[in-house]
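K.L.:
Could you have a look at this structure, given as structure tokens, before my questions?
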Amino acid sequence: MLEELDAPLAPLTTLRLGGPARRLVTAHTDDEVIAAVRAADAAGEPLLVIGGGSNLVIGDAGFPGTVLRIATTGFDLDGTALELAAGEVWADAVARTVDAGLAGIEFLAGIPGSAGATPVQNVGAYGQEVARTVTEVVAYDRRSGTTVTLGNEACAFSYRHSRFKAEPDRYVVLRVRFALEDAGGRSTPVRYAEVAKHFGVAQDERVGLREAHDAVLGLRAGKGMVLDAADHDTWSAGSFFTNPVLSAEQYAAFLAVAAGRELTAPAYPAPDGCTKTSAAWLIDKAGFGKGYGSGPATLSTKHTLALTNRGAATTEDLLALAREIRDGVRAAFGVELVNEPVLVGVRL
Ligand SMILES: Cc1cc2nc3c(=O)[nH]c(=O)nc-3n(C[C@H](O)[C@H](O)[C@H](O)COP(=O)(O)OP(=O)(O)OC[C@H]3O[C@@H](n4cnc5c(N)ncnc54)[C@H](O)[C@@H]3O)c2cc1C
């Protein structure tokens, strides 16, 4: 187990932002992870678990406790059953399942970060989310001090949310198990309009598995959503805001405002009679186009939903931009944008 004091955290995040950790521990086995968590808990020390740092906004003051970096490895495929150690690089694991001819997570290609973080916010893209394929999550439960196995239901997955996000100081994910599908070299049914259009197929048709994986990588790269150290448009935490899910009443009010501006907003049915609209659309129509901003933090030039560090930004610079956009969207449309990344030691 590697241990460093006063360790810079910015290089461990895709935004390259955040002050130092009082103590940084890197764990390479599940036992090391558990020992580090137990030691921090016994000492009453604040704990921050970090994987790929791709969904984290850490304050400029850093973290006044132990940061535990999960660097465990393990890719075990048994038929169509996959078990990943939490520290596995997600995008690499996805590529390996495609190499093995298995469908189920191919549309989640190119998403940065670790396998262990995927159940935390129920990672999703291009019509797939891990909630569909996760069978079990093995986690260390800090409340009981034991290792537990949670089935899919117990994970309480919903849009960019789960039990792990709802109880942020309770579970440390050690392993994630998935049920994949052997569809004879085909993908799972296409559920996303942009992908269906790309392949010229109807929604719910299957396409070639590798083609699906590679097409998603191409579409993502065009939006700055694949990491590239040389491209500041990817110095981000991906989508900074979730797509708002509006109740029937909120949606009616929103439609009236949009109609008054002669705009037709994207709308997708969501559970419980709600409607999901597009945060990227709201940001754009509220006057924040691609590349918006003149300071060291700006919107990506490729996507209005990514807030980026142009190289010299601080976390406060990024948050100032995020507040300006949130407030602007509220003033224009009466819709409250909610941040997707986890904020550490700061508030929006
Ligand atoms: C360019 C870009 C594109 C992105 N595109 C997408 C996308 O299409 N869809 C999507 O859903 N997300 C996307 N994201 C967000 C991000 O990649 C995912 O949320 C990813 O799963 C985060 O993984 P991570 O290992 O980097 O987590 P981190 O950023 O290290 O941590 C995120 C949160 O999870 C917790 N955590 C991490 N590991 C564990 C663990 N083992 N046990 C318990 N808690 C843990 C952390 O404490 C923190 O609260 C994107 C990000 C970037 C930078």
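Letters A, B, ... go to the chains of the structure tokens in the order shown; residues in each chain start at 1; ligands are counted from 1 in the same order.
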Can I get the residues of segment 153-220 of chain A within 9 Å of segment 82-99 of chain A, each with the closest pair of atoms and their distance in Å to one decimal, using only C-alpha atoms, sorted chain first then ascending number, as JSON lines?

P.N.:
```
{"residue": "A:Val173", "atom": "CA", "partner": "A:Ala86", "partner_atom": "CA", "distance": 6.3}
{"residue": "A:Leu174", "atom": "CA", "partner": "A:Ala86", "partner_atom": "CA", "distance": 5.1}
{"residue": "A:Arg175", "atom": "CA", "partner": "A:Ala85", "partner_atom": "CA", "distance": 4.5}
{"residue": "A:Val176", "atom": "CA", "partner": "A:Leu84", "partner_atom": "CA", "distance": 5.3}
{"residue": "A:Arg177", "atom": "CA", "partner": "A:Glu83", "partner_atom": "CA", "distance": 4.4}
{"residue": "A:Phe178", "atom": "CA", "partner": "A:Leu82", "partner_atom": "CA", "distance": 5.1}
{"residue": "A:Ala179", "atom": "CA", "partner": "A:Leu82", "partner_atom": "CA", "distance": 6.5}
{"residue": "A:Leu180", "atom": "CA", "partner": "A:Leu82", "partner_atom": "CA", "distance": 7.2}
{"residue": "A:Gly185", "atom": "CA", "partner": "A:Val98", "partner_atom": "CA", "distance": 8.7}
{"residue": "A:Leu209", "atom": "CA", "partner": "A:Val98", "partner_atom": "CA", "distance": 6.7}
{"residue": "A:Arg210", "atom": "CA", "partner": "A:Val98", "partner_atom": "CA", "distance": 6.3}
{"residue": "A:His213", "atom": "CA", "partner": "A:Val98", "partner_atom": "CA", "distance": 7.5}
```

K.L.:
Restricted to N, CA and C atoms, what would the selected residues look like written as a short mmCIF file (atom, residue, chain, number, x, y, z; two decimals), in the first residue's frame?

P.N.:
```cif
data_model
loop_
_atom_site.label_atom_id
_atom_site.label_comp_id
_atom_site.auth_asym_id
_atom_site.auth_seq_id
_atom_site.Cartn_x
_atom_site.Cartn_y
_atom_site.Cartn_z
N VAL A 173 -17.07 0.21 -3.11
CA VAL A 173 -17.26 -0.87 -4.07
C VAL A 173 -15.93 -1.59 -4.30
N LEU A 174 -15.98 -2.93 -4.20
CA LEU A 174 -14.77 -3.73 -4.41
C LEU A 174 -14.81 -4.45 -5.76
N ARG A 175 -15.98 -4.99 -6.13
CA ARG A 175 -16.12 -5.77 -7.37
C ARG A 175 -17.51 -5.51 -7.95
N VAL A 176 -17.61 -5.56 -9.26
CA VAL A 176 -18.92 -5.39 -9.91
C VAL A 176 -19.12 -6.58 -10.86
N ARG A 177 -20.29 -7.21 -10.76
CA ARG A 177 -20.59 -8.38 -11.60
C ARG A 177 -21.67 -8.02 -12.61
N PHE A 178 -21.46 -8.48 -13.83
CA PHE A 178 -22.38 -8.16 -14.94
C PHE A 178 -22.85 -9.45 -15.62
N ALA A 179 -24.07 -9.43 -16.15
CA ALA A 179 -24.54 -10.50 -17.02
C ALA A 179 -24.53 -9.95 -18.44
N LEU A 180 -23.63 -10.45 -19.27
CA LEU A 180 -23.56 -10.01 -20.66
C LEU A 180 -24.34 -10.99 -21.53
N GLY A 185 -22.26 -11.90 -32.15
CA GLY A 185 -21.51 -10.82 -32.79
C GLY A 185 -22.34 -9.56 -33.03
N LEU A 209 -21.53 -5.75 -33.23
CA LEU A 209 -21.05 -5.39 -31.88
C LEU A 209 -19.85 -4.45 -31.94
N ARG A 210 -18.84 -4.82 -32.72
CA ARG A 210 -17.64 -3.97 -32.81
C ARG A 210 -17.98 -2.64 -33.46
N HIS A 213 -19.51 -0.40 -30.86
CA HIS A 213 -18.47 0.12 -29.96
C HIS A 213 -17.68 1.24 -30.63
#
```

K.L.:
Please, which residues in chain A fall within 8 Å of ligand 1 when counting only C-alpha atoms and all ligand atoms, and what is the closest atom pair and distance in Å to one decimal for each, ordered by chain then residue number, as JSON lines?

P.N.:
```
{"residue": "A:Thr13", "atom": "CA", "partner": "ligand 1", "partner_atom_place_in_ligand_line": "29 (O)", "distance": 7.0}
{"residue": "A:Thr14", "atom": "CA", "partner": "ligand 1", "partner_atom_place_in_ligand_line": "53 (C)", "distance": 5.5}
{"residue": "A:Leu15", "atom": "CA", "partner": "ligand 1", "partner_atom_place_in_ligand_line": "53 (C)", "distance": 7.3}
{"residue": "A:Leu48", "atom": "CA", "partner": "ligand 1", "partner_atom_place_in_ligand_line": "47 (O)", "distance": 5.5}
{"residue": "A:Val49", "atom": "CA", "partner": "ligand 1", "partner_atom_place_in_ligand_line": "47 (O)", "distance": 4.1}
{"residue": "A:Ile50", "atom": "CA", "partner": "ligand 1", "partner_atom_place_in_ligand_line": "30 (O)", "distance": 3.8}
{"residue": "A:Gly51", "atom": "CA", "partner": "ligand 1", "partner_atom_place_in_ligand_line": "30 (O)", "distance": 3.5}
{"residue": "A:Gly52", "atom": "CA", "partner": "ligand 1", "partner_atom_place_in_ligand_line": "26 (O)", "distance": 3.3}
{"residue": "A:Gly53", "atom": "CA", "partner": "ligand 1", "partner_atom_place_in_ligand_line": "29 (O)", "distance": 3.3}
{"residue": "A:Ser54", "atom": "CA", "partner": "ligand 1", "partner_atom_place_in_ligand_line": "26 (O)", "distance": 3.6}
{"residue": "A:Asn55", "atom": "CA", "partner": "ligand 1", "partner_atom_place_in_ligand_line": "29 (O)", "distance": 3.5}
{"residue": "A:Leu56", "atom": "CA", "partner": "ligand 1", "partner_atom_place_in_ligand_line": "29 (O)", "distance": 4.5}
{"residue": "A:Ile70", "atom": "CA", "partner": "ligand 1", "partner_atom_place_in_ligand_line": "41 (N)", "distance": 6.4}
{"residue": "A:Ala86", "atom": "CA", "partner": "ligand 1", "partner_atom_place_in_ligand_line": "41 (N)", "distance": 5.1}
{"residue": "A:Gly87", "atom": "CA", "partner": "ligand 1", "partner_atom_place_in_ligand_line": "41 (N)", "distance": 6.9}
{"residue": "A:Val89", "atom": "CA", "partner": "ligand 1", "partner_atom_place_in_ligand_line": "25 (O)", "distance": 7.8}
{"residue": "A:Trp90", "atom": "CA", "partner": "ligand 1", "partner_atom_place_in_ligand_line": "21 (O)", "distance": 7.8}
{"residue": "A:Leu108", "atom": "CA", "partner": "ligand 1", "partner_atom_place_in_ligand_line": "8 (O)", "distance": 7.0}
{"residue": "A:Gly110", "atom": "CA", "partner": "ligand 1", "partner_atom_place_in_ligand_line": "5 (N)", "distance": 7.7}
{"residue": "A:Ile111", "atom": "CA", "partner": "ligand 1", "partner_atom_place_in_ligand_line": "5 (N)", "distance": 4.9}
{"residue": "A:Pro112", "atom": "CA", "partner": "ligand 1", "partner_atom_place_in_ligand_line": "17 (O)", "distance": 4.2}
{"residue": "A:Gly113", "atom": "CA", "partner": "ligand 1", "partner_atom_place_in_ligand_line": "26 (O)", "distance": 3.4}
{"residue": "A:Ser114", "atom": "CA", "partner": "ligand 1", "partner_atom_place_in_ligand_line": "25 (O)", "distance": 3.6}
{"residue": "A:Ala115", "atom": "CA", "partner": "ligand 1", "partner_atom_place_in_ligand_line": "25 (O)", "distance": 6.7}
{"residue": "A:Gly116", "atom": "CA", "partner": "ligand 1", "partner_atom_place_in_ligand_line": "41 (N)", "distance": 4.1}
{"residue": "A:Ala117", "atom": "CA", "partner": "ligand 1", "partner_atom_place_in_ligand_line": "38 (N)", "distance": 4.1}
{"residue": "A:Thr118", "atom": "CA", "partner": "ligand 1", "partner_atom_place_in_ligand_line": "21 (O)", "distance": 4.2}
{"residue": "A:Pro119", "atom": "CA", "partner": "ligand 1", "partner_atom_place_in_ligand_line": "21 (O)", "distance": 7.5}
{"residue": "A:Val120", "atom": "CA", "partner": "ligand 1", "partner_atom_place_in_ligand_line": "34 (O)", "distance": 5.7}
{"residue": "A:Gln121", "atom": "CA", "partner": "ligand 1", "partner_atom_place_in_ligand_line": "19 (O)", "distance": 6.1}
{"residue": "A:Asn122", "atom": "CA", "partner": "ligand 1", "partner_atom_place_in_ligand_line": "11 (O)", "distance": 6.4}
{"residue": "A:Val123", "atom": "CA", "partner": "ligand 1", "partner_atom_place_in_ligand_line": "11 (O)", "distance": 3.3}
{"residue": "A:Gly124", "atom": "CA", "partner": "ligand 1", "partner_atom_place_in_ligand_line": "11 (O)", "distance": 4.2}
{"residue": "A:Ala125", "atom": "CA", "partner": "ligand 1", "partner_atom_place_in_ligand_line": "8 (O)", "distance": 4.6}
{"residue": "A:Tyr126", "atom": "CA", "partner": "ligand 1", "partner_atom_place_in_ligand_line": "8 (O)", "distance": 7.7}
{"residue": "A:Glu129", "atom": "CA", "partner": "ligand 1", "partner_atom_place_in_ligand_line": "11 (O)", "distance": 7.6}
{"residue": "A:Ala139", "atom": "CA", "partner": "ligand 1", "partner_atom_place_in_ligand_line": "42 (N)", "distance": 7.4}
{"residue": "A:Arg160", "atom": "CA", "partner": "ligand 1", "partner_atom_place_in_ligand_line": "11 (O)", "distance": 6.6}
{"residue": "A:Phe164", "atom": "CA", "partner": "ligand 1", "partner_atom_place_in_ligand_line": "43 (C)", "distance": 6.9}
{"residue": "A:Lys165", "atom": "CA", "partner": "ligand 1", "partner_atom_place_in_ligand_line": "49 (O)", "distance": 7.3}
{"residue": "A:Pro168", "atom": "CA", "partner": "ligand 1", "partner_atom_place_in_ligand_line": "49 (O)", "distance": 6.9}
{"residue": "A:Tyr171", "atom": "CA", "partner": "ligand 1", "partner_atom_place_in_ligand_line": "43 (C)", "distance": 5.8}
{"residue": "A:Val172", "atom": "CA", "partner": "ligand 1", "partner_atom_place_in_ligand_line": "42 (N)", "distance": 3.7}
{"residue": "A:Val173", "atom": "CA", "partner": "ligand 1", "partner_atom_place_in_ligand_line": "42 (N)", "distance": 3.6}
{"residue": "A:Leu174", "atom": "CA", "partner": "ligand 1", "partner_atom_place_in_ligand_line": "41 (N)", "distance": 5.8}
{"residue": "A:Arg175", "atom": "CA", "partner": "ligand 1", "partner_atom_place_in_ligand_line": "41 (N)", "distance": 7.9}
{"residue": "A:Gly224", "atom": "CA", "partner": "ligand 1", "partner_atom_place_in_ligand_line": "1 (C)", "distance": 6.4}
{"residue": "A:Met225", "atom": "CA", "partner": "ligand 1", "partner_atom_place_in_ligand_line": "1 (C)", "distance": 3.9}
{"residue": "A:Val226", "atom": "CA", "partner": "ligand 1", "partner_atom_place_in_ligand_line": "1 (C)", "distance": 5.0}
{"residue": "A:Leu227", "atom": "CA", "partner": "ligand 1", "partner_atom_place_in_ligand_line": "1 (C)", "distance": 5.4}
{"residue": "A:Thr234", "atom": "CA", "partner": "ligand 1", "partner_atom_place_in_ligand_line": "1 (C)", "distance": 5.2}
{"residue": "A:Trp235", "atom": "CA", "partner": "ligand 1", "partner_atom_place_in_ligand_line": "53 (C)", "distance": 6.8}
{"residue": "A:Ser236", "atom": "CA", "partner": "ligand 1", "partner_atom_place_in_ligand_line": "53 (C)", "distance": 4.9}
{"residue": "A:Ala237", "atom": "CA", "partner": "ligand 1", "partner_atom_place_in_ligand_line": "53 (C)", "distance": 3.8}
{"residue": "A:Gly238", "atom": "CA", "partner": "ligand 1", "partner_atom_place_in_ligand_line": "52 (C)", "distance": 3.4}
{"residue": "A:Ser239", "atom": "CA", "partner": "ligand 1", "partner_atom_place_in_ligand_line": "4 (C)", "distance": 6.4}
{"residue": "A:Pro341", "atom": "CA", "partner": "ligand 1", "partner_atom_place_in_ligand_line": "32 (C)", "distance": 7.1}
{"residue": "A:Val342", "atom": "CA", "partner": "ligand 1", "partner_atom_place_in_ligand_line": "49 (O)", "distance": 5.3}
```

K.L.:
Would you kindly return, as a CSV table (one decimal) with all heavy atoms, in the first residue's frame, each protein, DNA or RNA residue with an atom no farther than 12 Å from any atom of segment 327-329 of chain A, considering only C-alpha atoms and excluding same-chain residues fewer than 3 positions away?

P.N.:
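Here's the written file out_29.csv:
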```csv
chain,number,residue,atom,x,y,z
A,241,PHE,N,-24.1,18.9,-15.8
A,241,PHE,CA,-25.4,18.9,-15.3
A,241,PHE,C,-26.2,17.7,-15.8
A,241,PHE,O,-26.0,17.3,-16.9
A,241,PHE,CB,-26.2,20.2,-15.7
A,241,PHE,CG,-25.5,21.5,-15.2
A,241,PHE,CD1,-24.8,22.3,-16.0
A,241,PHE,CD2,-25.7,21.8,-13.8
A,241,PHE,CE1,-24.3,23.5,-15.6
A,241,PHE,CE2,-25.1,23.0,-13.4
A,241,PHE,CZ,-24.4,23.8,-14.2
A,244,PRO,N,-32.6,17.5,-16.7
A,244,PRO,CA,-33.7,17.7,-15.7
A,244,PRO,C,-34.9,16.8,-16.0
A,244,PRO,O,-35.3,16.6,-17.1
A,244,PRO,CB,-34.1,19.2,-15.9
A,244,PRO,CG,-33.0,19.8,-16.7
A,244,PRO,CD,-32.4,18.8,-17.5
A,254,PHE,N,-42.8,24.8,-18.0
A,254,PHE,CA,-41.7,24.9,-18.9
A,254,PHE,C,-42.1,25.0,-20.3
A,254,PHE,O,-41.6,25.9,-21.1
A,254,PHE,CB,-40.8,23.7,-18.7
A,254,PHE,CG,-39.7,23.5,-19.7
A,254,PHE,CD1,-38.8,24.5,-19.9
A,254,PHE,CD2,-39.6,22.4,-20.4
A,254,PHE,CE1,-37.8,24.4,-20.9
A,254,PHE,CE2,-38.6,22.2,-21.4
A,254,PHE,CZ,-37.7,23.2,-21.6
A,257,VAL,N,-43.3,28.5,-21.1
A,257,VAL,CA,-42.1,29.5,-21.3
A,257,VAL,C,-41.5,29.3,-22.6
A,257,VAL,O,-41.2,30.2,-23.4
A,257,VAL,CB,-41.1,29.3,-20.1
A,257,VAL,CG1,-39.9,30.2,-20.4
A,257,VAL,CG2,-41.7,29.6,-18.8
A,258,ALA,N,-41.2,28.0,-23.0
A,258,ALA,CA,-40.5,27.7,-24.3
A,258,ALA,C,-41.4,28.1,-25.4
A,258,ALA,O,-40.9,28.8,-26.4
A,258,ALA,CB,-40.2,26.2,-24.3
A,278,SER,N,-33.5,18.2,-22.1
A,278,SER,CA,-32.1,18.2,-22.3
A,278,SER,C,-31.4,19.4,-21.7
A,278,SER,O,-31.7,20.5,-22.0
A,278,SER,CB,-31.8,18.2,-23.8
A,278,SER,OG,-30.5,18.7,-24.1
A,279,ALA,N,-30.4,19.1,-20.8
A,279,ALA,CA,-29.7,20.2,-20.1
A,279,ALA,C,-28.8,20.9,-21.2
A,279,ALA,O,-28.7,22.2,-21.1
A,279,ALA,CB,-28.8,19.6,-19.0
A,280,ALA,N,-28.3,20.2,-22.1
A,280,ALA,CA,-27.4,20.9,-23.2
A,280,ALA,C,-28.3,21.9,-24.0
A,280,ALA,O,-27.8,23.0,-24.3
A,280,ALA,CB,-26.8,19.8,-24.1
A,281,TRP,N,-29.5,21.5,-24.3
A,281,TRP,CA,-30.4,22.4,-25.0
A,281,TRP,C,-30.7,23.6,-24.2
A,281,TRP,O,-30.7,24.7,-24.7
A,281,TRP,CB,-31.7,21.6,-25.4
A,281,TRP,CG,-32.7,22.3,-26.2
A,281,TRP,CD1,-32.8,22.3,-27.6
A,281,TRP,CD2,-33.7,23.2,-25.7
A,281,TRP,NE1,-33.8,23.1,-28.0
A,281,TRP,CE2,-34.5,23.6,-26.9
A,281,TRP,CE3,-34.2,23.6,-24.5
A,281,TRP,CZ2,-35.5,24.5,-26.8
A,281,TRP,CZ3,-35.3,24.5,-24.4
A,281,TRP,CH2,-35.9,24.9,-25.5
A,282,LEU,N,-31.1,23.4,-22.9
A,282,LEU,CA,-31.4,24.5,-22.1
A,282,LEU,C,-30.2,25.5,-22.0
A,282,LEU,O,-30.5,26.7,-22.1
A,282,LEU,CB,-31.7,24.0,-20.7
A,282,LEU,CG,-33.1,23.3,-20.5
A,282,LEU,CD1,-33.1,22.5,-19.2
A,282,LEU,CD2,-34.2,24.3,-20.6
A,283,ILE,N,-29.0,25.0,-21.8
A,283,ILE,CA,-27.9,25.8,-21.7
A,283,ILE,C,-27.7,26.7,-23.0
A,283,ILE,O,-27.5,27.9,-22.9
A,283,ILE,CB,-26.6,25.0,-21.4
A,283,ILE,CG1,-26.8,24.4,-20.0
A,283,ILE,CG2,-25.3,25.8,-21.5
A,283,ILE,CD1,-25.7,23.3,-19.6
A,284,ASP,N,-27.8,26.0,-24.1
A,284,ASP,CA,-27.6,26.6,-25.4
A,284,ASP,C,-28.6,27.7,-25.6
A,284,ASP,O,-28.3,28.9,-25.9
A,284,ASP,CB,-27.6,25.6,-26.5
A,284,ASP,CG,-27.3,26.1,-27.8
A,284,ASP,OD1,-26.2,26.8,-27.9
A,284,ASP,OD2,-28.0,25.9,-28.8
A,285,LYS,N,-29.9,27.4,-25.3
A,285,LYS,CA,-31.0,28.4,-25.6
A,285,LYS,C,-31.0,29.5,-24.6
A,285,LYS,O,-31.6,30.5,-24.8
A,285,LYS,CB,-32.3,27.6,-25.6
A,285,LYS,CG,-32.5,26.6,-26.7
A,285,LYS,CD,-32.3,27.1,-28.1
A,285,LYS,CE,-32.4,26.1,-29.2
A,285,LYS,NZ,-31.5,26.2,-30.3
A,286,ALA,N,-30.4,29.3,-23.4
A,286,ALA,CA,-30.3,30.3,-22.4
A,286,ALA,C,-29.2,31.3,-22.8
A,286,ALA,O,-28.9,32.3,-22.0
A,286,ALA,CB,-30.1,29.8,-21.0
A,287,GLY,N,-28.4,31.0,-23.9
A,287,GLY,CA,-27.4,32.0,-24.3
A,287,GLY,C,-26.0,31.6,-24.1
A,287,GLY,O,-25.1,32.4,-24.3
A,288,PHE,N,-25.8,30.3,-23.6
A,288,PHE,CA,-24.4,29.9,-23.4
A,288,PHE,C,-24.1,28.9,-24.4
A,288,PHE,O,-24.3,27.7,-24.3
A,288,PHE,CB,-24.4,29.2,-22.0
A,288,PHE,CG,-24.9,30.1,-20.9
A,288,PHE,CD1,-26.1,29.9,-20.3
A,288,PHE,CD2,-24.1,31.2,-20.4
A,288,PHE,CE1,-26.6,30.7,-19.3
A,288,PHE,CE2,-24.6,32.0,-19.4
A,288,PHE,CZ,-25.8,31.8,-18.8
A,319,LEU,N,-16.5,26.8,-10.8
A,319,LEU,CA,-17.8,26.9,-10.1
A,319,LEU,C,-18.4,28.2,-10.4
A,319,LEU,O,-19.7,28.2,-10.5
A,319,LEU,CB,-17.6,26.7,-8.6
A,319,LEU,CG,-17.2,25.3,-8.1
A,319,LEU,CD1,-16.8,25.3,-6.6
A,319,LEU,CD2,-18.3,24.3,-8.4
A,320,ALA,N,-17.6,29.3,-10.6
A,320,ALA,CA,-18.3,30.6,-11.0
A,320,ALA,C,-19.0,30.4,-12.3
A,320,ALA,O,-20.1,30.9,-12.5
A,320,ALA,CB,-17.2,31.6,-11.0
A,321,LEU,N,-18.4,29.7,-13.2
A,321,LEU,CA,-19.0,29.5,-14.5
A,321,LEU,C,-20.3,28.6,-14.4
A,321,LEU,O,-21.3,28.9,-15.0
A,321,LEU,CB,-18.0,28.8,-15.5
A,321,LEU,CG,-18.5,28.4,-16.9
A,321,LEU,CD1,-18.8,29.6,-17.7
A,321,LEU,CD2,-17.5,27.5,-17.6
A,322,ALA,N,-20.1,27.6,-13.5
A,322,ALA,CA,-21.3,26.7,-13.3
A,322,ALA,C,-22.5,27.4,-12.7
A,322,ALA,O,-23.6,27.2,-13.1
A,322,ALA,CB,-20.9,25.5,-12.4
A,323,ARG,N,-22.2,28.3,-11.8
A,323,ARG,CA,-23.2,29.1,-11.1
A,323,ARG,C,-23.9,30.1,-12.2
A,323,ARG,O,-25.1,30.2,-12.2
A,323,ARG,CB,-22.7,29.9,-10.0
A,323,ARG,CG,-22.3,29.1,-8.8
A,323,ARG,CD,-21.7,29.9,-7.6
A,323,ARG,NE,-21.1,29.0,-6.7
A,323,ARG,CZ,-19.8,29.1,-6.3
A,323,ARG,NH1,-19.0,30.0,-6.8
A,323,ARG,NH2,-19.3,28.2,-5.5
A,324,GLU,N,-23.1,30.7,-13.0
A,324,GLU,CA,-23.6,31.6,-14.0
A,324,GLU,C,-24.6,30.9,-14.9
A,324,GLU,O,-25.6,31.4,-15.3
A,324,GLU,CB,-22.4,32.2,-14.8
A,324,GLU,CG,-22.8,33.2,-15.8
A,324,GLU,CD,-21.7,33.7,-16.7
A,324,GLU,OE1,-20.5,33.3,-16.5
A,324,GLU,OE2,-22.0,34.4,-17.7
A,332,ALA,N,-34.0,32.0,-17.5
A,332,ALA,CA,-34.6,31.9,-18.9
A,332,ALA,C,-35.8,30.9,-18.9
A,332,ALA,O,-36.8,31.2,-19.6
A,332,ALA,CB,-33.6,31.5,-19.9
A,333,PHE,N,-35.7,29.8,-18.2
A,333,PHE,CA,-36.7,28.8,-18.3
A,333,PHE,C,-37.4,28.3,-17.0
A,333,PHE,O,-38.3,27.5,-17.1
A,333,PHE,CB,-36.1,27.5,-19.0
A,333,PHE,CG,-35.6,27.8,-20.4
A,333,PHE,CD1,-34.3,28.0,-20.7
A,333,PHE,CD2,-36.6,27.9,-21.4
A,333,PHE,CE1,-33.9,28.2,-22.0
A,333,PHE,CE2,-36.2,28.1,-22.8
A,333,PHE,CZ,-34.8,28.3,-23.0
A,334,GLY,N,-36.9,28.8,-15.9
A,334,GLY,CA,-37.5,28.4,-14.6
A,334,GLY,C,-37.1,27.0,-14.3
A,334,GLY,O,-37.8,26.3,-13.5
A,335,VAL,N,-36.1,26.4,-14.9
A,335,VAL,CA,-35.7,25.0,-14.6
A,335,VAL,C,-34.4,25.1,-13.8
A,335,VAL,O,-33.5,25.8,-14.2
A,335,VAL,CB,-35.5,24.2,-15.9
A,335,VAL,CG1,-34.9,22.8,-15.7
A,335,VAL,CG2,-36.8,24.1,-16.7
A,336,GLU,N,-34.3,24.2,-12.8
A,336,GLU,CA,-33.1,24.2,-11.9
A,336,GLU,C,-32.2,23.1,-12.4
A,336,GLU,O,-32.5,21.9,-12.4
A,336,GLU,CB,-33.6,23.9,-10.5
A,336,GLU,CG,-32.5,24.1,-9.4
A,336,GLU,CD,-32.1,25.5,-9.2
A,336,GLU,OE1,-32.9,26.4,-9.5
A,336,GLU,OE2,-31.0,25.7,-8.6
A,337,LEU,N,-31.0,23.5,-12.8
A,337,LEU,CA,-30.0,22.5,-13.2
A,337,LEU,C,-29.3,21.9,-12.0
A,337,LEU,O,-29.0,22.7,-11.1
A,337,LEU,CB,-29.0,23.0,-14.2
A,337,LEU,CG,-29.5,23.4,-15.6
A,337,LEU,CD1,-28.3,23.9,-16.4
A,337,LEU,CD2,-30.1,22.2,-16.3
A,338,VAL,N,-29.0,20.6,-12.0
A,338,VAL,CA,-28.4,20.0,-10.9
A,338,VAL,C,-27.0,19.4,-11.4
A,338,VAL,O,-27.0,18.8,-12.4
A,338,VAL,CB,-29.3,18.9,-10.3
A,338,VAL,CG1,-28.5,18.1,-9.2
A,338,VAL,CG2,-30.6,19.5,-9.7
A,348,LEU,N,-22.2,24.4,-5.1
A,348,LEU,CA,-22.5,25.2,-6.3
A,348,LEU,C,-23.3,26.4,-5.9
A,348,LEU,O,-24.2,26.3,-5.1
A,348,LEU,CB,-23.3,24.3,-7.2
A,348,LEU,CG,-23.4,24.7,-8.7
A,348,LEU,CD1,-22.0,24.9,-9.3
A,348,LEU,CD2,-24.2,23.7,-9.4
```

K.L.:
Please measure the separation of atom CA of Thr66 of chain A and atom CA of Ala156 of chain A, giving the value in Å to one decimal.

P.N.:
27.8 Å

K.L.:
Can you list, as a PyMOL selection string, every protein, DNA or RNA residue that comes within 10 Å of Ile58 of chain A when you count only C-alpha atoms, leaving out same-chain residues fewer than 4 positions away?

P.N.:
chain A and resi 9-10+13+15-20+53+62-63+314-316+341-346

K.L.:
Please return, as a list in words, all residues of segment 144-225 of chain A that DSSP assigns to strand (DSSP E or B) on the basis of the backbone.

P.N.:
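Selection result, strand (DSSP E or B) within segment 144-225 of chain A: Thr146, Thr147, Val148, Thr149, Leu150, Gly151, Ser158, His161, Tyr171, Val172, Val173, Leu174, Arg175, Val176, Arg177, Phe178, Ala179, Glu181, Arg186 and Gly208 of chain A.
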
K.L.:
Identify, on the basis of only C-alpha atoms, every residue whose closest approach to Arg38 of chain A does not exceed 8 Å; exclude the query and any residue fewer than 3 positions from it along the same chain; express the result as a PyMOL selection string.

P.N.:
chain A and resi 34-35+41-42+142+145

K.L.:
Could those selected residues go to a file with N, CA, C and O atoms, as an mmCIF file, in the first residue's frame?

P.N.:
```cif
data_model
loop_
_atom_site.group_PDB
_atom_site.id
_atom_site.type_symbol
_atom_site.label_atom_id
_atom_site.label_comp_id
_atom_site.auth_asym_id
_atom_site.auth_seq_id
_atom_site.Cartn_x
_atom_site.Cartn_y
_atom_site.Cartn_z
ATOM 1 N N ILE A 34 -9.815 -2.435 2.176
ATOM 2 C CA ILE A 34 -10.567 -2.573 3.434
ATOM 3 C C ILE A 34 -9.724 -2.083 4.616
ATOM 4 O O ILE A 34 -10.223 -1.348 5.486
ATOM 5 N N ALA A 35 -8.445 -2.431 4.622
ATOM 6 C CA ALA A 35 -7.577 -2.006 5.732
ATOM 7 C C ALA A 35 -7.484 -0.482 5.784
ATOM 8 O O ALA A 35 -7.547 0.117 6.871
ATOM 9 N N ASP A 41 -11.589 5.051 9.346
ATOM 10 C CA ASP A 41 -12.800 5.092 10.170
ATOM 11 C C ASP A 41 -12.454 5.012 11.654
ATOM 12 O O ASP A 41 -13.048 5.715 12.483
ATOM 13 N N ALA A 42 -11.489 4.156 11.992
ATOM 14 C CA ALA A 42 -11.104 4.004 13.398
ATOM 15 C C ALA A 42 -10.515 5.300 13.946
ATOM 16 O O ALA A 42 -10.697 5.644 15.117
ATOM 17 N N ARG A 142 -19.201 0.240 5.461
ATOM 18 C CA ARG A 142 -18.523 0.907 6.587
ATOM 19 C C ARG A 142 -19.403 0.940 7.836
ATOM 20 O O ARG A 142 -18.900 1.111 8.935
ATOM 21 N N GLY A 145 -19.070 -2.816 8.986
ATOM 22 C CA GLY A 145 -17.675 -3.274 9.031
ATOM 23 C C GLY A 145 -17.479 -4.619 8.364
ATOM 24 O O GLY A 145 -16.522 -5.330 8.675
#
```
